[in-house]
Amino acid sequence: MKIKLTKEEKEILDSFEKGEWVPVADLSKRKKELTEYARNTLRKDKRLNIRISERGLIELQRKAVKEGLPYQT
């Protein structure tokens, strides 16, 4: 059975097969670091208000839909 891959998936597979991937020495430590980075990135501790044109807002909303994000993010 042959699985059809997207272009991005093919690039990842090719990279892996070329040996460009290296194992992480201390996986649990690295996971904790990345979790902390994500937590700090996603923290909502500031409020920001901006004014933009209606046309600009519509474009932002369209882009957010394409990327699967809430437009306010």
# chains A, B, ... in the order shown; residues from 1 in each chain; ligands from 1
call {"tool": "select_by_dssp", "arguments": {"residues": "chain A", "states": "alpha helix (DSSP H)", "output": "PyMOL selection string"}}
result
chain A and resi 7-17+27-42+54-67
call {"tool": "atom_distance", "arguments": {"atom1": "atom CA of A:Ile50", "atom2": "atom CA of A:Tyr71"}}
result
13.5 Å
